[in-house]
$ cat start.csv   # CSV, C-alpha atoms and all ligand atoms
chain,number,residue,atom,x,y,z
J,1,MET,CA,-9.4,-17.0,6.3
J,2,SER,CA,-11.6,-13.8,6.7
J,3,SER,CA,-10.4,-11.0,8.9
J,4,VAL,CA,-12.8,-9.8,11.6
J,5,ALA,CA,-12.4,-6.5,13.5
J,6,VAL,CA,-14.4,-4.9,16.3
J,7,VAL,CA,-14.9,-1.1,16.5
J,8,PRO,CA,-16.0,-0.6,20.1
J,9,GLY,CA,-17.1,2.6,21.8
J,10,SER,CA,-19.7,4.3,23.9
J,11,PHE,CA,-21.1,6.0,20.8
J,12,ASP,CA,-23.2,8.4,23.0
J,13,PRO,CA,-23.9,9.5,20.3
J,14,ILE,CA,-22.1,8.3,17.1
J,15,THR,CA,-20.3,11.3,15.5
J,16,LEU,CA,-18.9,11.9,12.0
J,17,GLY,CA,-15.5,11.1,13.4
J,18,HIS,CA,-16.7,7.6,14.5
J,19,LEU,CA,-18.3,7.1,11.1
J,20,ASP,CA,-15.1,8.0,9.3
J,21,VAL,CA,-13.2,5.4,11.4
J,22,ILE,CA,-15.9,2.7,10.8
J,23,GLU,CA,-15.8,3.4,7.1
J,24,ARG,CA,-12.0,3.1,7.0
J,25,ALA,CA,-12.2,-0.2,9.0
J,26,THR,CA,-14.6,-1.6,6.4
J,27,THR,CA,-12.0,-1.1,3.7
J,28,ILE,CA,-9.4,-3.1,5.6
J,29,PHE,CA,-11.3,-6.0,7.2
J,30,ASP,CA,-13.7,-8.5,5.7
J,31,GLU,CA,-16.1,-8.2,8.6
J,32,VAL,CA,-16.5,-5.3,11.0
J,33,HIS,CA,-18.5,-5.3,14.2
J,34,VAL,CA,-19.5,-1.9,15.5
J,35,VAL,CA,-20.2,-2.6,19.2
J,36,VAL,CA,-21.8,-0.2,21.7
J,37,VAL,CA,-20.2,-0.9,25.0
J,38,HIS,CA,-21.3,0.3,28.4
J,39,ASN,CA,-18.6,2.5,29.9
J,40,PRO,CA,-19.1,2.7,33.7
J,41,ASP,CA,-16.7,5.7,33.8
J,42,LYS,CA,-19.1,7.8,31.7
J,43,GLN,CA,-22.6,9.2,32.5
J,44,ALA,CA,-24.7,8.1,29.5
J,45,LEU,CA,-27.2,10.3,27.8
J,46,ILE,CA,-28.8,7.9,25.3
J,47,PRO,CA,-30.0,4.4,26.1
J,48,ILE,CA,-27.9,1.7,24.5
J,49,ALA,CA,-30.7,0.4,22.3
J,50,HIS,CA,-31.2,3.9,20.9
J,51,ARG,CA,-27.4,4.3,20.3
J,52,VAL,CA,-27.5,1.0,18.3
J,53,ALA,CA,-30.5,2.2,16.2
J,54,LEU,CA,-28.8,5.6,15.5
J,55,ILE,CA,-25.6,3.7,14.3
J,56,GLU,CA,-27.8,1.6,12.0
J,57,LYS,CA,-29.5,4.6,10.5
J,58,SER,CA,-26.2,6.6,10.3
J,59,LEU,CA,-24.5,3.7,8.4
J,60,GLU,CA,-27.5,3.6,6.0
J,61,GLU,CA,-27.3,7.4,5.5
J,62,ARG,CA,-23.6,7.0,4.7
J,63,GLY,CA,-24.1,4.0,2.4
J,64,ILE,CA,-22.0,1.6,4.4
J,65,ALA,CA,-24.8,-0.5,5.9
J,66,LYS,CA,-23.6,-3.8,4.4
J,67,SER,CA,-24.0,-7.4,5.3
J,68,ASN,CA,-20.4,-7.6,6.5
J,69,VAL,CA,-20.9,-4.6,8.9
J,70,ILE,CA,-22.6,-5.9,12.1
J,71,ILE,CA,-23.9,-3.5,14.7
J,72,ASN,CA,-24.2,-4.9,18.2
J,73,SER,CA,-24.1,-4.0,21.9
J,74,TRP,CA,-22.1,-5.5,24.8
J,75,ALA,CA,-23.3,-4.4,28.2
J,76,VAL,CA,-21.8,-7.0,30.5
J,77,GLY,CA,-18.3,-8.4,30.6
J,78,LEU,CA,-15.0,-7.8,28.9
J,79,LEU,CA,-14.8,-6.5,25.4
J,80,VAL,CA,-12.3,-9.3,24.5
J,81,ASP,CA,-15.0,-11.9,25.3
J,82,TYR,CA,-17.1,-10.3,22.6
J,83,CYS,CA,-14.1,-10.4,20.3
J,84,THR,CA,-13.5,-14.1,21.0
J,85,ASP,CA,-17.2,-14.9,20.5
J,86,VAL,CA,-17.2,-13.5,17.0
J,87,GLY,CA,-13.7,-14.6,16.0
J,88,ALA,CA,-12.2,-11.1,16.0
J,89,THR,CA,-8.5,-10.8,16.5
J,90,THR,CA,-8.3,-7.0,16.1
J,91,ILE,CA,-9.9,-4.0,17.8
J,92,VAL,CA,-10.0,-0.7,15.8
J,93,LYS,CA,-9.9,2.7,17.5
J,94,GLY,CA,-9.7,6.2,16.1
J,95,ILE,CA,-7.0,8.4,17.4
J,96,ARG,CA,-7.4,12.2,17.2
J,97,SER,CA,-4.6,13.4,19.4
J,98,GLN,CA,-1.9,12.5,21.9
J,99,ILE,CA,-4.6,12.5,24.6
J,100,ASP,CA,-6.4,9.7,22.8
J,101,VAL,CA,-3.1,7.8,22.5
J,102,ALA,CA,-2.6,8.1,26.3
J,103,TYR,CA,-6.2,7.0,27.0
J,104,GLU,CA,-6.2,4.1,24.5
J,105,THR,CA,-2.7,2.6,25.1
J,106,PRO,CA,-3.4,0.9,28.5
J,107,MET,CA,-6.7,-0.5,27.2
J,108,ALA,CA,-4.9,-1.9,24.1
J,109,ILE,CA,-2.2,-3.5,26.2
J,110,VAL,CA,-4.7,-5.0,28.7
J,111,ASN,CA,-6.8,-6.4,25.8
J,112,ARG,CA,-3.7,-8.0,24.3
J,113,ASP,CA,-2.7,-9.4,27.7
J,114,LEU,CA,-6.2,-10.8,28.4
J,115,ALA,CA,-6.8,-12.5,25.1
J,116,GLY,CA,-4.2,-11.8,22.5
J,117,VAL,CA,-6.5,-9.3,20.8
J,118,GLU,CA,-4.4,-6.6,19.0
J,119,THR,CA,-5.6,-3.0,18.7
J,120,ILE,CA,-4.9,-0.9,15.6
J,121,PHE,CA,-5.3,2.9,15.6
J,122,LEU,CA,-6.7,4.7,12.6
J,123,LEU,CA,-6.4,8.4,11.9
J,124,PRO,CA,-9.7,10.0,11.1
J,125,ASP,CA,-10.0,12.9,8.7
J,126,PRO,CA,-8.3,15.8,10.5
J,127,GLY,CA,-11.5,17.7,9.9
J,128,HIS,CA,-13.0,15.6,12.6
J,129,ALA,CA,-10.1,16.0,15.1
J,130,HIS,CA,-12.1,18.3,17.4
J,131,VAL,CA,-15.3,16.3,17.4
J,132,SER,CA,-16.2,14.2,20.4
J,133,SER,CA,-19.5,12.7,21.7
J,134,SER,CA,-19.1,14.6,25.0
J,135,LEU,CA,-18.8,17.9,23.2
J,136,VAL,CA,-21.8,17.1,21.0
J,137,ARG,CA,-23.9,16.2,24.1
J,138,GLN,CA,-22.9,19.5,25.7
J,139,VAL,CA,-23.6,21.7,22.7
J,140,SER,CA,-26.9,20.0,22.1
J,141,ALA,CA,-28.0,20.3,25.8
J,142,LEU,CA,-27.3,24.0,25.6
J,143,GLY,CA,-29.3,24.5,22.4
J,144,GLY,CA,-26.4,24.7,19.9
J,145,ASP,CA,-26.3,23.3,16.4
J,146,VAL,CA,-24.6,19.9,16.3
J,147,GLU,CA,-25.3,19.2,12.6
J,148,PRO,CA,-21.6,19.8,11.5
J,149,TYR,CA,-20.5,17.0,13.9
J,150,VAL,CA,-23.0,14.2,13.7
J,151,PRO,CA,-25.0,12.3,11.0
J,152,ALA,CA,-28.3,14.0,10.2
J,153,VAL,CA,-30.4,11.3,12.0
J,154,VAL,CA,-28.4,11.9,15.2
J,155,ALA,CA,-28.9,15.7,14.9
J,156,GLU,CA,-32.6,15.2,14.5
J,157,PHE,CA,-32.7,12.7,17.4
J,158,LEU,CA,-30.8,15.1,19.7
J,159,LYS,CA,-33.1,18.0,18.8
J,160,HIS,CA,-36.1,16.1,20.2
J,161,THR,CA,-34.2,14.6,23.2
J,162,THR,CA,-33.0,18.0,24.4
J,163,ASP,CA,-36.1,20.0,23.5
L,201,LIG,O1,-16.0,5.3,23.6
L,201,LIG,P1,-15.3,5.0,24.8
L,201,LIG,O2,-16.2,5.2,26.0
L,201,LIG,O3,-14.0,5.6,25.0
L,201,LIG,O4,-15.0,3.4,24.8
L,201,LIG,C1,-14.3,2.7,25.8
L,201,LIG,C2,-14.8,1.2,25.9
L,201,LIG,C3,-16.2,1.2,26.2
L,201,LIG,C4,-14.6,0.6,24.5
L,201,LIG,C5,-13.9,0.5,27.0
L,201,LIG,O5,-14.1,1.1,28.2
L,201,LIG,C6,-14.2,-1.0,27.1
L,201,LIG,O6,-13.7,-1.7,26.2
L,201,LIG,N1,-15.0,-1.4,28.0
L,201,LIG,C7,-15.4,-2.8,28.2
L,201,LIG,C8,-14.8,-3.4,29.5
L,201,LIG,C9,-13.4,-4.0,29.3
L,201,LIG,O7,-13.2,-4.9,28.5
L,201,LIG,N2,-12.5,-3.5,30.1
L,201,LIG,C10,-11.1,-4.0,30.1
L,201,LIG,C11,-10.2,-3.5,29.0
L,201,LIG,S1,-10.3,-1.9,28.6
$ encode --input "start.csv" --output "structure tokens"
Amino acid sequence: MSSVAVVPGSFDPITLGHLDVIERATTIFDEVHVVVVHNPDKQALIPIAHRVALIEKSLEERGIAKSNVIINSWAVGLLVDYCTDVGATTIVKGIRSQIDVAYETPMAIVNRDLAGVETIFLLPDPGHAHVSSSLVRQVSALGGDVEPYVPAVVAEFLKHTTD
């Protein structure tokens, strides 16, 4: 039986930290779904369709755009409904710090309660521990260089978005 995992997130935009976690997930699971999920608690910068396109290009750039890595979006409903639809029993999240553990733990327990979907936490390269999408958005909006934090296609996209 093949193992299917979902790597969900706002990905607004995808960062090198996200990419690192996605790549690690592809070494563990047979099939990985990278899913852009609308988070009502966050004010979005990039439309969901553009975030999906940036993930596609970023995975190509990194050489991990393979047939067993599916990129999708899920704008309405529970994440676990997407997991059930595609036969995924595991959600994968990256953990950078204790703050992430505190943020992710309730979601992981609720997702398990709702549908028996387990969450596993992967540790990204410590070099990405300080990188977050919100920081990238802020630096970019104020004219700073985000190239150290995001794939080149994202840096290029943000340059034009915030010009
Ligand atoms: O990158 P983010 O914003 O931290 O990702 C959080 C996200 C979007 C994955 C989370 O909010 C989510 O799963 N939302 C979907 C709605 C849902 O299923 N909620 C109940 C369990 S958390």
$ closest_atom_pairs --input "start.csv" --of "chain J" --to "ligand LIG 201 (chain L)" --cutoff "10 Å" --atoms "all atoms listed in the file" --output "JSON lines"
{"residue": "J:Val6", "atom": "CA", "partner": "L:LIG201", "partner_atom": "C4", "distance": 9.9}
{"residue": "J:Val7", "atom": "CA", "partner": "L:LIG201", "partner_atom": "C4", "distance": 8.2}
{"residue": "J:Pro8", "atom": "CA", "partner": "L:LIG201", "partner_atom": "C4", "distance": 4.8}
{"residue": "J:Gly9", "atom": "CA", "partner": "L:LIG201", "partner_atom": "O1", "distance": 3.4}
{"residue": "J:Ser10", "atom": "CA", "partner": "L:LIG201", "partner_atom": "O1", "distance": 3.8}
{"residue": "J:Phe11", "atom": "CA", "partner": "L:LIG201", "partner_atom": "O1", "distance": 5.9}
{"residue": "J:Asp12", "atom": "CA", "partner": "L:LIG201", "partner_atom": "O1", "distance": 7.9}
{"residue": "J:Pro13", "atom": "CA", "partner": "L:LIG201", "partner_atom": "O1", "distance": 9.5}
{"residue": "J:Ile14", "atom": "CA", "partner": "L:LIG201", "partner_atom": "O1", "distance": 9.4}
{"residue": "J:His18", "atom": "CA", "partner": "L:LIG201", "partner_atom": "O1", "distance": 9.4}
{"residue": "J:Val35", "atom": "CA", "partner": "L:LIG201", "partner_atom": "C4", "distance": 8.3}
{"residue": "J:Val36", "atom": "CA", "partner": "L:LIG201", "partner_atom": "C3", "distance": 7.3}
{"residue": "J:Val37", "atom": "CA", "partner": "L:LIG201", "partner_atom": "C3", "distance": 4.7}
{"residue": "J:His38", "atom": "CA", "partner": "L:LIG201", "partner_atom": "C3", "distance": 5.6}
{"residue": "J:Asn39", "atom": "CA", "partner": "L:LIG201", "partner_atom": "C3", "distance": 4.6}
{"residue": "J:Pro40", "atom": "CA", "partner": "L:LIG201", "partner_atom": "O5", "distance": 7.6}
{"residue": "J:Asp41", "atom": "CA", "partner": "L:LIG201", "partner_atom": "O5", "distance": 7.7}
{"residue": "J:Lys42", "atom": "CA", "partner": "L:LIG201", "partner_atom": "O2", "distance": 6.9}
{"residue": "J:Gln43", "atom": "CA", "partner": "L:LIG201", "partner_atom": "O2", "distance": 10.0}
{"residue": "J:Ala44", "atom": "CA", "partner": "L:LIG201", "partner_atom": "O2", "distance": 9.6}
{"residue": "J:Trp74", "atom": "CA", "partner": "L:LIG201", "partner_atom": "C7", "distance": 8.0}
{"residue": "J:Ala75", "atom": "CA", "partner": "L:LIG201", "partner_atom": "C7", "distance": 8.1}
{"residue": "J:Val76", "atom": "CA", "partner": "L:LIG201", "partner_atom": "C8", "distance": 7.9}
{"residue": "J:Gly77", "atom": "CA", "partner": "L:LIG201", "partner_atom": "C8", "distance": 6.2}
{"residue": "J:Leu78", "atom": "CA", "partner": "L:LIG201", "partner_atom": "O7", "distance": 3.4}
{"residue": "J:Leu79", "atom": "CA", "partner": "L:LIG201", "partner_atom": "O7", "distance": 3.8}
{"residue": "J:Val80", "atom": "CA", "partner": "L:LIG201", "partner_atom": "O7", "distance": 6.0}
{"residue": "J:Asp81", "atom": "CA", "partner": "L:LIG201", "partner_atom": "O7", "distance": 7.9}
{"residue": "J:Tyr82", "atom": "CA", "partner": "L:LIG201", "partner_atom": "O7", "distance": 8.9}
{"residue": "J:Cys83", "atom": "CA", "partner": "L:LIG201", "partner_atom": "O7", "distance": 9.9}
{"residue": "J:Ile91", "atom": "CA", "partner": "L:LIG201", "partner_atom": "C4", "distance": 9.4}
{"residue": "J:Val92", "atom": "CA", "partner": "L:LIG201", "partner_atom": "C4", "distance": 9.9}
{"residue": "J:Lys93", "atom": "CA", "partner": "L:LIG201", "partner_atom": "C4", "distance": 8.7}
{"residue": "J:Gly94", "atom": "CA", "partner": "L:LIG201", "partner_atom": "O1", "distance": 9.8}
{"residue": "J:Asp100", "atom": "CA", "partner": "L:LIG201", "partner_atom": "O3", "distance": 8.9}
{"residue": "J:Tyr103", "atom": "CA", "partner": "L:LIG201", "partner_atom": "O3", "distance": 8.2}
{"residue": "J:Glu104", "atom": "CA", "partner": "L:LIG201", "partner_atom": "O3", "distance": 8.0}
{"residue": "J:Thr105", "atom": "CA", "partner": "L:LIG201", "partner_atom": "S1", "distance": 9.5}
{"residue": "J:Pro106", "atom": "CA", "partner": "L:LIG201", "partner_atom": "S1", "distance": 7.4}
{"residue": "J:Met107", "atom": "CA", "partner": "L:LIG201", "partner_atom": "S1", "distance": 4.1}
{"residue": "J:Ala108", "atom": "CA", "partner": "L:LIG201", "partner_atom": "S1", "distance": 7.0}
{"residue": "J:Ile109", "atom": "CA", "partner": "L:LIG201", "partner_atom": "C11", "distance": 8.5}
{"residue": "J:Val110", "atom": "CA", "partner": "L:LIG201", "partner_atom": "C11", "distance": 5.7}
{"residue": "J:Asn111", "atom": "CA", "partner": "L:LIG201", "partner_atom": "C11", "distance": 5.5}
{"residue": "J:Arg112", "atom": "CA", "partner": "L:LIG201", "partner_atom": "C11", "distance": 9.2}
{"residue": "J:Asp113", "atom": "CA", "partner": "L:LIG201", "partner_atom": "C11", "distance": 9.6}
{"residue": "J:Leu114", "atom": "CA", "partner": "L:LIG201", "partner_atom": "C11", "distance": 8.3}
{"residue": "J:Ser132", "atom": "CA", "partner": "L:LIG201", "partner_atom": "O1", "distance": 9.5}
{"residue": "J:Ser133", "atom": "CA", "partner": "L:LIG201", "partner_atom": "O1", "distance": 8.4}
{"residue": "J:Ser134", "atom": "CA", "partner": "L:LIG201", "partner_atom": "O2", "distance": 9.9}
$ residues_near_point --input "start.csv" --point "(-11.4, 12.1, 16.9)" --cutoff "10 Å" --atoms "all atoms listed in the file" --output "list in words"
Thr15, Leu16, Gly17, His18, Asp20, Val21, Lys93, Gly94, Ile95, Arg96, Ser97, Asp100, Leu122, Leu123, Pro124, Asp125, Pro126, Gly127, His128, Ala129, His130, Val131, Ser132 and Ser133 of chain J
$ write_last_selection --input "start.csv" --atoms "C-alpha atoms" --output "short mmCIF file (atom, residue, chain, number, x, y, z; two decimals), in the coordinates of the input"
data_model
loop_
_atom_site.label_atom_id
_atom_site.label_comp_id
_atom_site.auth_asym_id
_atom_site.auth_seq_id
_atom_site.Cartn_x
_atom_site.Cartn_y
_atom_site.Cartn_z
CA THR J 15 -20.30 11.30 15.50
CA LEU J 16 -18.90 11.90 12.00
CA GLY J 17 -15.50 11.10 13.40
CA HIS J 18 -16.70 7.60 14.50
CA ASP J 20 -15.10 8.00 9.30
CA VAL J 21 -13.20 5.40 11.40
CA LYS J 93 -9.90 2.70 17.50
CA GLY J 94 -9.70 6.20 16.10
CA ILE J 95 -7.00 8.40 17.40
CA ARG J 96 -7.40 12.20 17.20
CA SER J 97 -4.60 13.40 19.40
CA ASP J 100 -6.40 9.70 22.80
CA LEU J 122 -6.70 4.70 12.60
CA LEU J 123 -6.40 8.40 11.90
CA PRO J 124 -9.70 10.00 11.10
CA ASP J 125 -10.00 12.90 8.70
CA PRO J 126 -8.30 15.80 10.50
CA GLY J 127 -11.50 17.70 9.90
CA HIS J 128 -13.00 15.60 12.60
CA ALA J 129 -10.10 16.00 15.10
CA HIS J 130 -12.10 18.30 17.40
CA VAL J 131 -15.30 16.30 17.40
CA SER J 132 -16.20 14.20 20.40
CA SER J 133 -19.50 12.70 21.70
#
$ closest_residue --input "start.csv" --among "J:Val139, J:Ala49, J:Ala25, J:Leu19" --to "J:Ser3" --atoms "only C-alpha atoms"
J:Ala25
$ atom_distance --input "start.csv" --atom1 "atom CA of J:Ala102" --atom2 "atom CA of J:Leu142"
29.4 Å
$ closest_residue --input "start.csv" --among "J:Pro151, J:Gly144, J:Gly87, J:Gly63" --to "J:Glu31" --atoms "all atoms listed in the file"
J:Gly87
$ atom_distance --input "start.csv" --atom1 "atom CA of J:Val136" --atom2 "atom CA of J:Lys159"
11.5 Å
$ closest_residue --input "start.csv" --among "J:Ser58, J:Thr161, J:Ser2, J:Thr84" --to "J:Ile22" --atoms "all atoms listed in the file"
J:Ser58
$ atom_distance --input "start.csv" --atom1 "atom CA of J:Asn68" --atom2 "atom CA of J:Arg24"
13.6 Å
$ residues_around --input "start.csv" --residues "J:His160" --least-positions-apart "4" --cutoff "12 Å" --atoms "all atoms listed in the file" --output "list in words"
Ser140, Ala141, Gly143, Val153, Val154, Ala155 and Glu156 of chain J
$ residues_around --input "start.csv" --residues "J:Glu61" --least-positions-apart "4" --cutoff "10 Å" --atoms "all atoms listed in the file" --output "PyMOL selection string"
chain J and resi 55-57+65+151-153
$ residues_around --input "start.csv" --residues "J:Val69" --least-positions-apart "4" --cutoff "9 Å" --atoms "all atoms listed in the file" --output "JSON, numbers by chain"
{"J": [26, 30, 31, 32, 33, 34, 64, 65]}
$ write_last_selection --input "start.csv" --atoms "C-alpha atoms" --output "mmCIF file, keeping the file's coordinate frame"
data_model
loop_
_atom_site.group_PDB
_atom_site.id
_atom_site.type_symbol
_atom_site.label_atom_id
_atom_site.label_comp_id
_atom_site.auth_asym_id
_atom_site.auth_seq_id
_atom_site.Cartn_x
_atom_site.Cartn_y
_atom_site.Cartn_z
ATOM 1 C CA THR J 26 -14.600 -1.600 6.400
ATOM 2 C CA ASP J 30 -13.700 -8.500 5.700
ATOM 3 C CA GLU J 31 -16.100 -8.200 8.600
ATOM 4 C CA VAL J 32 -16.500 -5.300 11.000
ATOM 5 C CA HIS J 33 -18.500 -5.300 14.200
ATOM 6 C CA VAL J 34 -19.500 -1.900 15.500
ATOM 7 C CA ILE J 64 -22.000 1.600 4.400
ATOM 8 C CA ALA J 65 -24.800 -0.500 5.900
#
